[in-house]
Amino acid sequence: MSNSSVHTEDHNPYLAHHFQSMEQQEESSVLGMWLFLAQEIMFFGGLFLAYSVMRAKYFDAWITGSHSLDVRIGAINTIILLLSSFSVAMAVYYTQTGKKRQMISCLFITMGLGIAFLAIKWFFEYMPKINHGIFPGSAWSPEYTALAAFPEQGNLQLFFYLYYVMTGMHALHMIVGFGILTVLIVMAFKNKFGPQYFMPVMLFGLYWHFVDIVWVFLFPLFYLVT
Amino acid sequence: MSEQHHHIVSPKTYFINLIVLMILMLLTIAAGRLEVFHFNPAINLIIALTIAFAKMMCIILIFMHVRWSSKLTWVFAGAGFFWFLIMIVITFTDYLTRGWHSPFTTPF
């Protein structure tokens with residue numbers, strides 16, 4: 001209070017007291033988020049490693065399993081996810097430029113595209129497969145001749161085990177994203193964000209883009225085995 | 001707080017990035033599904049992973065703003081993927097070499 005220069009420096013209401021400047025605060029936020037994403041790489045990394053080893057060992061089962069998946073649905077979902085990544089990027093842009101209405105629209109579009117992705121996954125992929133006995137474990141009794149005729153059913157089940165776990169974990173991450181997105185939309189309506197304070201939107205963007213990256217690898221690895 | 005701390009990426013850049021990503025996705029499908037592109041499983045896997053890697057770099061550098069971020073962010077972003085590479089390589093030095101015979105042991 002006696003030192004006016006210090007006071008004006010700390011005037012920004014968004015600057016937490018333990019940071020010296022907004023720049024330092026933003027840098028810390030981004031680094032923290034990347035640290036979290038590194039942990040996410042370790043989490044998905046184990047699954048991708050299991051996939052790689054099993055694929056190298058049981059390649060025949062992988063080809064048979066992959067050919068029973070519908071590339072068109074996978075491609076449509078890839079397009080949907082890439083579009084949702086674009087809309088998140090645009091939400092960040094509109095937050096940084098202080099355009100509230102467009103920012104909220106972009107967040108809603110992202111949510112809508114994410115729900116479309118999961119709906120397609122559930123109604124056109126998981127449900128038909130489960131109904132036709134394509135689910136590893138005791139329920140395993142595939143009705144498709146290409147799958148039923150495969151000599152090593154256990155290896156084929158391994159493929160579908162990894163398919164369900166990896167795409168399911170990816171879907172779970174999107175559902176978590178919906179929760180964060182809902183909070184962001186409510187905060188955006190309450191005028192919490194603007195050019196001075198956009199980090200929550202930006203960090204959610206990093207998370208959403210990371211989930212997109214996981215799908216970028218899942219798509220060729222499951223749908224396009226040749 | 002009038003000065004700009006964070007680089008604002010233009011919608012045009014985002015849009016071009018989206019188009020590039022879509023083209024790369026079409027390439028992946030073409031390489032995976034068209035008979036002309038079927039060489040052998042290993043080459044096809046390398047093609048698919050190279051395209052996926054290119055898509056990942058587009059997303060990380062442009063959408064995730066790493067291109068305009070500090071060197072420290074580059075290190076944090078790279079560390080996770082580098083760790084993953086180490087895990088894959090070391091695991092496969094085992095799985096891919098099982099059954100190889102050591103030149104230093106004699107059958108006697």
# chains A, B, ... in the order shown; residues from 1 in each chain; ligands from 1

$ closest_atom_pairs --of "region 20-82 of chain A" --to "region 83-91 of chain B" --cutoff "9 Å" --atoms "only C-alpha atoms" --output "JSON lines"
{"residue": "A:Ala38", "atom": "CA", "partner": "B:Trp83", "partner_atom": "CA", "distance": 8.9}
{"residue": "A:Ile41", "atom": "CA", "partner": "B:Phe84", "partner_atom": "CA", "distance": 7.3}
{"residue": "A:Met42", "atom": "CA", "partner": "B:Phe84", "partner_atom": "CA", "distance": 7.0}
{"residue": "A:Gly45", "atom": "CA", "partner": "B:Phe84", "partner_atom": "CA", "distance": 6.2}
{"residue": "A:Gly46", "atom": "CA", "partner": "B:Phe84", "partner_atom": "CA", "distance": 8.7}
{"residue": "A:Phe48", "atom": "CA", "partner": "B:Ile88", "partner_atom": "CA", "distance": 8.9}
{"residue": "A:Leu49", "atom": "CA", "partner": "B:Ile88", "partner_atom": "CA", "distance": 6.4}
{"residue": "A:Ser52", "atom": "CA", "partner": "B:Ile88", "partner_atom": "CA", "distance": 8.4}
{"residue": "A:Val53", "atom": "CA", "partner": "B:Thr91", "partner_atom": "CA", "distance": 8.5}

$ interface_residues --of "chain B" --to "chain A" --cutoff "6 Å" --atoms "only C-alpha atoms" --output "VMD selection string"
chain B and resid 5 32 52 56 63 to 64 73 77 80

$ select_by_dssp --residues "chain B" --states "alpha helix (DSSP H)" --output "MDAnalysis selection string"
chainID B and resid 11:33 41:58 71:95

$ residues_around --residues "Gly65 (chain A)" --least-positions-apart "4" --cutoff "9 Å" --atoms "only C-alpha atoms" --output "short mmCIF file (atom, residue, chain, number, x, y, z; two decimals) with C-alpha atoms, in the first residue's frame"
data_model
loop_
_atom_site.label_atom_id
_atom_site.label_comp_id
_atom_site.auth_asym_id
_atom_site.auth_seq_id
_atom_site.Cartn_x
_atom_site.Cartn_y
_atom_site.Cartn_z
CA ASP A 60 -3.36 -63.05 -38.73
CA ALA A 61 -5.94 -62.43 -36.00
CA LEU A 69 -14.57 -53.22 -38.50
CA ALA A 146 -15.25 -64.50 -41.36
CA LEU A 147 -14.72 -64.29 -37.59
CA LEU A 156 -9.15 -62.92 -32.20
CA GLN A 157 -10.63 -62.24 -28.79
CA PHE A 159 -7.82 -58.14 -30.73
CA PHE A 160 -11.34 -57.28 -29.65
CA PHE A 222 -7.61 -50.78 -35.56
CA TYR A 223 -9.45 -50.03 -38.79
CA VAL A 225 -4.63 -53.34 -40.68
#

$ atom_distance --atom1 "CA of Phe189 (chain A)" --atom2 "CA of Leu107 (chain A)"
11.2 Å

$ residues_around --residues "region 134-145 of chain A" --least-positions-apart "2" --cutoff "8 Å" --atoms "only C-alpha atoms" --output "number ranges by chain"
A: 129-132, 147-149, 157-158, 160-161

$ write_last_selection --atoms "N, CA, C and O atoms" --output "PDB file, in the first residue's frame"
ATOM      1  N   LYS A 129     -21.969 -55.011 -32.519  1.00  0.00           N
ATOM      2  CA  LYS A 129     -20.965 -56.050 -32.243  1.00  0.00           C
ATOM      3  C   LYS A 129     -21.392 -56.910 -31.069  1.00  0.00           C
ATOM      4  O   LYS A 129     -21.352 -58.133 -31.124  1.00  0.00           O
ATOM      5  N   ILE A 130     -21.807 -56.263 -29.988  1.00  0.00           N
ATOM      6  CA  ILE A 130     -22.192 -57.014 -28.795  1.00  0.00           C
ATOM      7  C   ILE A 130     -23.393 -57.901 -29.111  1.00  0.00           C
ATOM      8  O   ILE A 130     -23.455 -59.062 -28.702  1.00  0.00           O
ATOM      9  N   ASN A 131     -24.351 -57.376 -29.894  1.00  0.00           N
ATOM     10  CA  ASN A 131     -25.536 -58.161 -30.252  1.00  0.00           C
ATOM     11  C   ASN A 131     -25.201 -59.354 -31.128  1.00  0.00           C
ATOM     12  O   ASN A 131     -25.965 -60.317 -31.183  1.00  0.00           O
ATOM     13  N   HIS A 132     -24.074 -59.276 -31.853  1.00  0.00           N
ATOM     14  CA  HIS A 132     -23.679 -60.386 -32.712  1.00  0.00           C
ATOM     15  C   HIS A 132     -22.584 -61.240 -32.089  1.00  0.00           C
ATOM     16  O   HIS A 132     -21.835 -61.921 -32.794  1.00  0.00           O
ATOM     17  N   LEU A 147     -15.288 -64.210 -38.943  1.00  0.00           N
ATOM     18  CA  LEU A 147     -14.722 -64.290 -37.595  1.00  0.00           C
ATOM     19  C   LEU A 147     -14.865 -65.696 -37.027  1.00  0.00           C
ATOM     20  O   LEU A 147     -13.935 -66.237 -36.437  1.00  0.00           O
ATOM     21  N   ALA A 148     -16.039 -66.307 -37.225  1.00  0.00           N
ATOM     22  CA  ALA A 148     -16.295 -67.631 -36.653  1.00  0.00           C
ATOM     23  C   ALA A 148     -15.381 -68.689 -37.262  1.00  0.00           C
ATOM     24  O   ALA A 148     -15.015 -69.663 -36.603  1.00  0.00           O
ATOM     25  N   ALA A 149     -14.983 -68.484 -38.547  1.00  0.00           N
ATOM     26  CA  ALA A 149     -14.158 -69.481 -39.235  1.00  0.00           C
ATOM     27  C   ALA A 149     -12.682 -69.362 -38.880  1.00  0.00           C
ATOM     28  O   ALA A 149     -11.901 -70.239 -39.227  1.00  0.00           O
ATOM     29  N   GLN A 157     -10.048 -62.896 -29.955  1.00  0.00           N
ATOM     30  CA  GLN A 157     -10.634 -62.239 -28.786  1.00  0.00           C
ATOM     31  C   GLN A 157      -9.677 -61.200 -28.219  1.00  0.00           C
ATOM     32  O   GLN A 157     -10.107 -60.157 -27.731  1.00  0.00           O
ATOM     33  N   LEU A 158      -8.361 -61.497 -28.296  1.00  0.00           N
ATOM     34  CA  LEU A 158      -7.364 -60.527 -27.819  1.00  0.00           C
ATOM     35  C   LEU A 158      -7.481 -59.220 -28.590  1.00  0.00           C
ATOM     36  O   LEU A 158      -7.419 -58.126 -28.019  1.00  0.00           O
ATOM     37  N   PHE A 160     -10.143 -58.014 -30.044  1.00  0.00           N
ATOM     38  CA  PHE A 160     -11.345 -57.276 -29.645  1.00  0.00           C
ATOM     39  C   PHE A 160     -11.269 -56.798 -28.203  1.00  0.00           C
ATOM     40  O   PHE A 160     -11.857 -55.773 -27.855  1.00  0.00           O
ATOM     41  N   TYR A 161     -10.527 -57.536 -27.377  1.00  0.00           N
ATOM     42  CA  TYR A 161     -10.298 -57.073 -26.016  1.00  0.00           C
ATOM     43  C   TYR A 161      -9.602 -55.716 -26.050  1.00  0.00           C
ATOM     44  O   TYR A 161     -10.054 -54.748 -25.439  1.00  0.00           O
TER      45      TYR A 161
END

$ atom_distance --atom1 "CA of His67 (chain A)" --atom2 "CA of Gln153 (chain A)"
15.2 Å

$ closest_residue --among "A:Gly154, A:Pro128, A:Gly114, A:Gly98" --to "Met54 (chain A)" --atoms "only C-alpha atoms"
A:Gly154

$ atom_distance --atom1 "CA of Ile60 (chain B)" --atom2 "CA of Ser66 (chain A)"
27.9 Å

$ closest_residue --among "B:Ser70, B:Phe76, B:Ile62, B:Asp94" --to "Val9 (chain B)" --atoms "only C-alpha atoms"
B:Ile62

$ residues_around --residues "Phe204 (chain A)" --least-positions-apart "6" --cutoff "8 Å" --atoms "only C-alpha atoms" --output "compact mmCIF listing (two decimals) with C-alpha atoms, in the first residue's frame"
# COMPACT_ATOMS: atom_id res chain seq x y z
CA GLY A 177 -14.20 -33.76 -21.36
CA ILE A 180 -15.15 -29.95 -18.06
CA LEU A 181 -16.87 -28.46 -21.10

$ residues_around --residues "region 27-30 of chain B" --least-positions-apart "3" --cutoff "7 Å" --atoms "only C-alpha atoms" --output "NGL selection string"
:B and (23-24 or 33-34 or 48 or 51)

$ closest_residue --among "B:Thr97, B:Thr13, B:Asn44, B:Ser102" --to "Leu61 (chain B)" --atoms "only C-alpha atoms"
B:Thr13
